[in-house]
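Structure file coords_13.cif (mmCIF, C-alpha atoms, pLDDT in the B column; chains and numbers go by the auth columns) follows.
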data_query
loop_
_atom_site.group_PDB
_atom_site.id
_atom_site.type_symbol
_atom_site.label_atom_id
_atom_site.label_comp_id
_atom_site.label_asym_id
_atom_site.label_seq_id
_atom_site.Cartn_x
_atom_site.Cartn_y
_atom_site.Cartn_z
_atom_site.B_iso_or_equiv
_atom_site.auth_seq_id
_atom_site.auth_asym_id
ATOM 1 C CA PRO A 1 0.000 0.000 0.000 44.00 181 V
ATOM 2 C CA VAL A 2 2.749 2.490 0.817 42.00 182 V
ATOM 3 C CA GLY A 3 4.459 1.824 -2.523 51.00 183 V
ATOM 4 C CA ARG A 4 1.262 2.456 -4.472 57.00 184 V
ATOM 5 C CA GLY A 5 0.646 5.650 -2.512 57.00 185 V
ATOM 6 C CA LEU A 6 4.113 6.913 -3.355 56.00 186 V
ATOM 7 C CA VAL A 7 3.680 6.087 -7.047 57.00 187 V
ATOM 8 C CA ALA A 8 0.351 7.938 -7.080 63.00 188 V
ATOM 9 C CA ALA A 9 1.910 10.942 -5.333 64.00 189 V
ATOM 10 C CA LEU A 10 4.737 11.072 -7.869 65.00 190 V
ATOM 11 C CA ALA A 11 2.331 10.722 -10.797 66.00 191 V
ATOM 12 C CA ARG A 12 0.114 13.593 -9.605 69.00 192 V
ATOM 13 C CA PRO A 13 1.886 15.445 -6.782 71.00 193 V
ATOM 14 C CA GLY A 14 -0.771 18.169 -6.484 69.00 194 V
ATOM 15 C CA GLY A 15 -0.377 21.760 -5.347 71.00 195 V
ATOM 16 C CA ASN A 16 2.653 23.502 -6.787 69.00 196 V
ATOM 17 C CA VAL A 17 4.915 20.458 -6.610 66.00 197 V
ATOM 18 C CA THR A 18 6.617 18.705 -9.523 68.00 198 V
ATOM 19 C CA GLY A 19 10.102 18.220 -10.867 60.00 199 V
ATOM 20 C CA CYS A 20 12.832 15.681 -11.475 57.00 200 V
ATOM 21 C CA MET A 21 14.203 13.209 -8.948 59.00 201 V
ATOM 22 C CA ASN A 22 17.991 13.304 -8.832 60.00 202 V
ATOM 23 C CA PHE A 23 18.351 9.740 -7.715 62.00 203 V
ATOM 24 C CA GLU A 24 16.621 6.379 -7.580 71.00 204 V
ATOM 25 C CA CYS A 25 17.907 4.060 -4.817 77.00 205 V
ATOM 26 C CA GLY A 26 17.828 0.913 -6.953 83.00 206 V
ATOM 27 C CA VAL A 27 20.802 2.243 -8.920 88.00 207 V
ATOM 28 C CA ALA A 28 22.989 1.631 -5.839 92.00 208 V
ATOM 29 C CA ALA A 29 23.146 -2.076 -6.763 94.00 209 V
ATOM 30 C CA LYS A 30 24.683 -1.052 -10.091 95.00 210 V
ATOM 31 C CA TRP A 31 27.561 0.642 -8.257 96.00 211 V
ATOM 32 C CA LEU A 32 28.575 -2.669 -6.708 97.00 212 V
ATOM 33 C CA GLU A 33 28.068 -4.513 -9.993 95.00 213 V
ATOM 34 C CA LEU A 34 30.257 -2.002 -11.838 95.00 214 V
ATOM 35 C CA LEU A 35 32.954 -2.122 -9.155 96.00 215 V
ATOM 36 C CA LYS A 36 33.002 -5.926 -9.311 96.00 216 V
ATOM 37 C CA GLN A 37 33.295 -5.831 -13.123 95.00 217 V
ATOM 38 C CA ILE A 38 36.234 -3.428 -13.028 95.00 218 V
ATOM 39 C CA ALA A 39 37.966 -5.184 -10.106 95.00 219 V
ATOM 40 C CA PRO A 40 36.993 -8.882 -10.410 93.00 220 V
ATOM 41 C CA GLY A 41 39.062 -9.822 -7.329 93.00 221 V
ATOM 42 C CA LEU A 42 36.832 -7.648 -5.142 96.00 222 V
ATOM 43 C CA THR A 43 35.635 -9.530 -2.046 97.00 223 V
ATOM 44 C CA ARG A 44 34.833 -6.578 0.231 97.00 224 V
ATOM 45 C CA ALA A 45 33.355 -3.128 -0.289 98.00 225 V
ATOM 46 C CA ALA A 46 33.056 -0.235 2.141 98.00 226 V
ATOM 47 C CA VAL A 47 30.058 2.011 1.589 97.00 227 V
ATOM 48 C CA LEU A 48 30.704 5.644 2.484 97.00 228 V
ATOM 49 C CA ARG A 49 27.312 6.911 3.580 94.00 229 V
ATOM 50 C CA ASP A 50 25.470 9.528 5.565 92.00 230 V
ATOM 51 C CA SER A 51 23.461 7.409 8.008 86.00 231 V
ATOM 52 C CA ALA A 52 21.606 10.505 9.238 88.00 232 V
ATOM 53 C CA ILE A 53 19.570 10.711 6.029 86.00 233 V
ATOM 54 C CA SER A 54 17.060 8.113 4.871 82.00 234 V
ATOM 55 C CA ALA A 55 18.699 7.842 1.435 83.00 235 V
ATOM 56 C CA GLY A 56 21.953 6.771 3.113 84.00 236 V
ATOM 57 C CA SER A 57 20.256 3.838 4.828 86.00 237 V
ATOM 58 C CA ALA A 58 18.213 2.960 1.737 89.00 238 V
ATOM 59 C CA GLN A 59 21.244 2.934 -0.562 91.00 239 V
ATOM 60 C CA PHE A 60 23.204 0.855 1.950 93.00 240 V
ATOM 61 C CA GLY A 61 20.361 -1.691 2.137 93.00 241 V
ATOM 62 C CA VAL A 62 20.296 -2.057 -1.648 94.00 242 V
ATOM 63 C CA ILE A 63 24.084 -2.474 -1.807 96.00 243 V
ATOM 64 C CA GLN A 64 24.052 -4.959 1.081 95.00 244 V
ATOM 65 C CA ALA A 65 21.447 -7.113 -0.675 95.00 245 V
ATOM 66 C CA ALA A 66 23.431 -6.969 -3.920 95.00 246 V
ATOM 67 C CA GLY A 67 26.591 -7.899 -2.029 96.00 247 V
ATOM 68 C CA GLN A 68 24.989 -11.077 -0.726 94.00 248 V
ATOM 69 C CA SER A 69 24.049 -12.125 -4.250 92.00 249 V
ATOM 70 C CA VAL A 70 27.587 -11.650 -5.644 93.00 250 V
ATOM 71 C CA GLY A 71 29.557 -12.783 -2.594 93.00 251 V
ATOM 72 C CA VAL A 72 30.954 -9.392 -1.595 97.00 252 V
ATOM 73 C CA GLU A 73 31.135 -8.458 2.097 97.00 253 V
ATOM 74 C CA ILE A 74 29.659 -4.986 2.632 97.00 254 V
ATOM 75 C CA THR A 75 30.890 -2.675 5.415 96.00 255 V
ATOM 76 C CA PRO A 76 29.350 0.723 6.248 96.00 256 V
ATOM 77 C CA ILE A 77 31.537 3.750 6.879 96.00 257 V
ATOM 78 C CA ASN A 78 29.449 6.522 8.377 92.00 258 V
ATOM 79 C CA LEU A 79 30.520 10.007 7.382 91.00 259 V
ATOM 80 C CA ARG A 80 30.891 12.491 10.215 86.00 260 V
ATOM 81 C CA ASN A 81 34.205 14.315 9.844 92.00 261 V
ATOM 82 C CA ALA A 82 37.427 14.115 7.851 95.00 262 V
ATOM 83 C CA GLY A 83 39.468 12.484 10.617 95.00 263 V
ATOM 84 C CA GLU A 84 36.935 9.728 11.139 94.00 264 V
ATOM 85 C CA ILE A 85 36.674 9.061 7.400 96.00 265 V
ATOM 86 C CA GLU A 86 40.449 8.848 7.107 97.00 266 V
ATOM 87 C CA ARG A 87 40.765 6.419 10.042 96.00 267 V
ATOM 88 C CA ALA A 88 37.884 4.209 8.856 97.00 268 V
ATOM 89 C CA VAL A 89 39.156 3.949 5.271 97.00 269 V
ATOM 90 C CA ALA A 90 42.724 3.235 6.458 97.00 270 V
ATOM 91 C CA ALA A 91 41.458 0.471 8.777 97.00 271 V
ATOM 92 C CA PHE A 92 39.299 -1.009 5.992 97.00 272 V
ATOM 93 C CA ALA A 93 42.198 -0.948 3.516 97.00 273 V
ATOM 94 C CA GLN A 94 44.464 -3.056 5.754 95.00 274 V
ATOM 95 C CA ARG A 95 42.913 -6.280 4.433 92.00 275 V
ATOM 96 C CA GLY A 96 43.111 -6.997 0.710 89.00 276 V
ATOM 97 C CA GLY A 97 40.329 -7.396 -1.828 93.00 277 V
ATOM 98 C CA GLY A 98 38.564 -4.169 -0.920 97.00 278 V
ATOM 99 C CA GLY A 99 36.911 -1.337 -2.797 98.00 279 V
ATOM 100 C CA LEU A 100 34.893 1.771 -1.986 98.00 280 V
ATOM 101 C CA ILE A 101 31.385 2.832 -2.914 98.00 281 V
ATOM 102 C CA ALA A 102 30.701 6.529 -2.350 96.00 282 V
ATOM 103 C CA SER A 103 26.919 6.753 -1.971 93.00 283 V
ATOM 104 C CA ALA A 104 24.921 9.819 -2.953 91.00 284 V
ATOM 105 C CA SER A 105 24.865 12.410 -0.190 91.00 285 V
ATOM 106 C CA GLY A 106 25.905 15.947 0.566 91.00 286 V
ATOM 107 C CA LEU A 107 28.583 14.708 2.981 94.00 287 V
ATOM 108 C CA VAL A 108 30.194 12.586 0.272 95.00 288 V
ATOM 109 C CA VAL A 109 30.290 15.674 -1.948 94.00 289 V
ATOM 110 C CA ALA A 110 31.683 17.803 0.886 95.00 290 V
ATOM 111 C CA HIS A 111 34.504 15.284 1.421 96.00 291 V
ATOM 112 C CA ARG A 112 35.034 14.544 -2.280 96.00 292 V
ATOM 113 C CA ASP A 113 38.724 15.445 -2.461 97.00 293 V
ATOM 114 C CA LEU A 114 39.538 13.517 0.706 97.00 294 V
ATOM 115 C CA ILE A 115 37.641 10.408 -0.444 98.00 295 V
ATOM 116 C CA VAL A 116 39.291 10.414 -3.883 98.00 296 V
ATOM 117 C CA ALA A 117 42.727 10.926 -2.266 98.00 297 V
ATOM 118 C CA LEU A 118 42.150 8.102 0.239 98.00 298 V
ATOM 119 C CA ALA A 119 41.096 5.708 -2.512 98.00 299 V
ATOM 120 C CA ALA A 120 44.317 6.532 -4.416 97.00 300 V
ATOM 121 C CA ARG A 121 46.556 6.375 -1.324 97.00 301 V
ATOM 122 C CA HIS A 122 45.222 2.980 -0.255 97.00 302 V
ATOM 123 C CA LYS A 123 44.963 1.642 -3.848 97.00 303 V
ATOM 124 C CA LEU A 124 41.233 0.992 -3.486 98.00 304 V
ATOM 125 C CA PRO A 125 39.076 0.909 -6.619 98.00 305 V
ATOM 126 C CA ALA A 126 36.120 3.204 -6.000 98.00 306 V
ATOM 127 C CA VAL A 127 32.808 3.941 -7.653 98.00 307 V
ATOM 128 C CA TYR A 128 30.977 7.252 -7.292 97.00 308 V
ATOM 129 C CA PHE A 129 27.466 8.482 -8.053 93.00 309 V
ATOM 130 C CA GLU A 130 28.467 11.507 -10.124 93.00 310 V
ATOM 131 C CA ARG A 131 31.003 12.219 -12.871 93.00 311 V
ATOM 132 C CA PHE A 132 32.673 15.165 -11.098 94.00 312 V
ATOM 133 C CA PHE A 133 34.372 12.624 -8.794 97.00 313 V
ATOM 134 C CA VAL A 134 36.034 11.060 -11.845 97.00 314 V
ATOM 135 C CA SER A 135 37.136 14.500 -13.028 95.00 315 V
ATOM 136 C CA ALA A 136 38.781 14.908 -9.604 96.00 316 V
ATOM 137 C CA GLY A 137 40.746 11.644 -10.050 97.00 317 V
ATOM 138 C CA GLY A 138 38.199 9.025 -8.984 97.00 318 V
ATOM 139 C CA LEU A 139 38.064 5.708 -10.843 98.00 319 V
ATOM 140 C CA VAL A 140 34.505 5.377 -12.120 97.00 320 V
ATOM 141 C CA SER A 141 31.053 6.888 -11.716 96.00 321 V
ATOM 142 C CA TYR A 142 27.585 5.718 -12.605 94.00 322 V
ATOM 143 C CA GLY A 143 24.593 7.993 -12.258 89.00 323 V
ATOM 144 C CA PRO A 144 21.898 10.017 -13.960 84.00 324 V
ATOM 145 C CA SER A 145 22.942 12.250 -16.829 75.00 325 V
ATOM 146 C CA GLN A 146 22.755 15.754 -15.409 74.00 326 V
ATOM 147 C CA LEU A 147 22.471 17.238 -18.903 78.00 327 V
ATOM 148 C CA ASP A 148 19.419 15.079 -19.587 66.00 328 V
ATOM 149 C CA GLN A 149 17.912 16.128 -16.231 73.00 329 V
ATOM 150 C CA TYR A 150 18.416 19.833 -17.056 74.00 330 V
ATOM 151 C CA ARG A 151 16.808 19.412 -20.477 80.00 331 V
ATOM 152 C CA ARG A 152 13.786 17.672 -18.965 78.00 332 V
ATOM 153 C CA ALA A 153 13.462 20.349 -16.273 78.00 333 V
ATOM 154 C CA ALA A 154 13.553 23.058 -18.961 86.00 334 V
ATOM 155 C CA GLY A 155 10.682 21.292 -20.713 84.00 335 V
ATOM 156 C CA TYR A 156 8.658 21.443 -17.507 80.00 336 V
ATOM 157 C CA VAL A 157 9.420 25.137 -17.049 86.00 337 V
ATOM 158 C CA ASP A 158 8.171 25.748 -20.592 86.00 338 V
ATOM 159 C CA ARG A 159 4.956 23.801 -19.951 85.00 339 V
ATOM 160 C CA ILE A 160 4.308 25.650 -16.681 87.00 340 V
ATOM 161 C CA LEU A 161 4.931 29.037 -18.301 90.00 341 V
ATOM 162 C CA LYS A 162 2.362 28.055 -20.951 93.00 342 V
ATOM 163 C CA GLY A 163 -0.256 27.498 -18.239 90.00 343 V
ATOM 164 C CA GLU A 164 -0.044 23.882 -17.062 88.00 344 V
ATOM 165 C CA LYS A 165 -0.349 23.352 -13.325 88.00 345 V
ATOM 166 C CA PRO A 166 2.811 21.973 -11.697 83.00 346 V
ATOM 167 C CA GLY A 167 0.778 19.568 -9.549 83.00 347 V
ATOM 168 C CA ASP A 168 -0.634 17.942 -12.704 85.00 348 V
ATOM 169 C CA LEU A 169 2.847 17.107 -14.019 82.00 349 V
ATOM 170 C CA PRO A 170 4.369 13.857 -12.710 84.00 350 V
ATOM 171 C CA VAL A 171 7.663 13.918 -10.851 80.00 351 V
ATOM 172 C CA GLN A 172 10.156 12.495 -13.317 75.00 352 V
ATOM 173 C CA ALA A 173 12.674 9.795 -12.429 76.00 353 V
ATOM 174 C CA PRO A 174 15.985 9.725 -14.299 75.00 354 V
ATOM 175 C CA THR A 175 15.840 7.793 -17.560 80.00 355 V
ATOM 176 C CA LYS A 176 19.343 8.301 -18.933 86.00 356 V
ATOM 177 C CA TYR A 177 22.392 7.117 -16.986 88.00 357 V
ATOM 178 C CA GLU A 178 26.074 7.437 -17.778 93.00 358 V
ATOM 179 C CA THR A 179 29.224 5.591 -16.837 95.00 359 V
ATOM 180 C CA VAL A 180 32.412 7.651 -16.700 96.00 360 V
ATOM 181 C CA LEU A 181 35.825 6.010 -16.280 96.00 361 V
ATOM 182 C CA ASN A 182 39.200 7.578 -15.523 97.00 362 V
ATOM 183 C CA LEU A 183 41.725 5.481 -17.472 96.00 363 V
ATOM 184 C CA LYS A 184 44.688 7.180 -15.755 97.00 364 V
ATOM 185 C CA THR A 185 43.346 6.125 -12.340 97.00 365 V
ATOM 186 C CA ALA A 186 42.604 2.604 -13.602 96.00 366 V
ATOM 187 C CA LYS A 187 46.203 2.299 -14.790 96.00 367 V
ATOM 188 C CA ALA A 188 47.537 3.607 -11.447 95.00 368 V
ATOM 189 C CA LEU A 189 45.485 0.919 -9.682 95.00 369 V
ATOM 190 C CA GLY A 190 46.793 -1.770 -12.057 93.00 370 V
ATOM 191 C CA LEU A 191 43.344 -2.434 -13.499 93.00 371 V
ATOM 192 C CA THR A 192 42.847 -3.481 -17.107 87.00 372 V
ATOM 193 C CA VAL A 193 39.642 -2.093 -18.490 82.00 373 V
#

Represent the structure from my file as structure tokens, please.
Amino acid sequence: PVGRGLVAALARPGGNVTGCMNFECGVAAKWLELLKQIAPGLTRAAVLRDSAISAGSAQFGVIQAAGQSVGVEITPINLRNAGEIERAVAAFAQRGGGGLIASASGLVVAHRDLIVALAARHKLPAVYFERFFVSAGGLVSYGPSQLDQYRRAAGYVDRILKGEKPGDLPVQAPTKYETVLNLKTAKALGLTV
């Protein structure tokens, strides 16, 4: 019943609400799948997450379920501050066969440079939810195409300016995803892609 209620609310949000969702939690399983494809020897993955937000717990649950199906041990690393992140990643990296999954949250973005640097320092393959991590030296990202999202939002603005009510327009989920790979980082990690 809750699922149907949510679908109905997204289809016709009512009032002055509409727009584009930036993220769909089911995509979190793809992060693990992609990481396992790039680093086939992966047996463990640490999920960097913000446990204070519901999306952090939801993404972790999806990744944990996917981990069970592919035989990868999943460990949460809760994001609070830089020192804690550094200690947790260093402790995780001590055993071999590990990789990182940077889940979608503001705290992951805030600590982007640190997370990318830690992955490089500890030679951990890492997957991110947005391409700007790869531009900063991260290995690979998989997430919604921001350009596609902006184009779709512009279409909604046009429709609203022409008189349609925002509440009559369904909230749109991403439909176009992109994978971005940093070949220089892959080479530094000794990965053949």

Among listed residues V:Glu358, V:Asp230, V:Glu266, V:Glu344, nearest Gly195 in chain V (using only C-alpha atoms): V:Glu344

Of the listed residues V:Ala219, V:Ala333, V:Ile257, V:Ala245, that which approaches Pro305 in chain V most closely, counting only C-alpha atoms: V:Ala219

Residue with smallest distance to Arg301 in chain V - pool V:Pro193, V:Gly318, V:Lys345, V:Gly286, counting only C-alpha atoms: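 Once distances to Arg301 in chain V are computed over only C-alpha atoms, the minimum belongs to V:Gly318.
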
Best match for closeness to Val314 in chain V among V:Gln326, V:Ser237, V:Thr355, V:Thr365, counting all atoms listed in the file: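 Closest candidate: V:Thr365.
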
The PyMOL selection byres ((chain V and resi 206-215) around 7) resolved against shown file, as JSON, numbers by chain: {"V": [204, 205, 216, 217, 218, 219, 239, 242, 243, 246, 281, 306, 307, 322]}

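Nearest to Gly277 in chain V of all the residues V:Pro354, V:Gly335, V:Pro220, V:Gly247 is V:Pro220, counting all atoms listed in the file.
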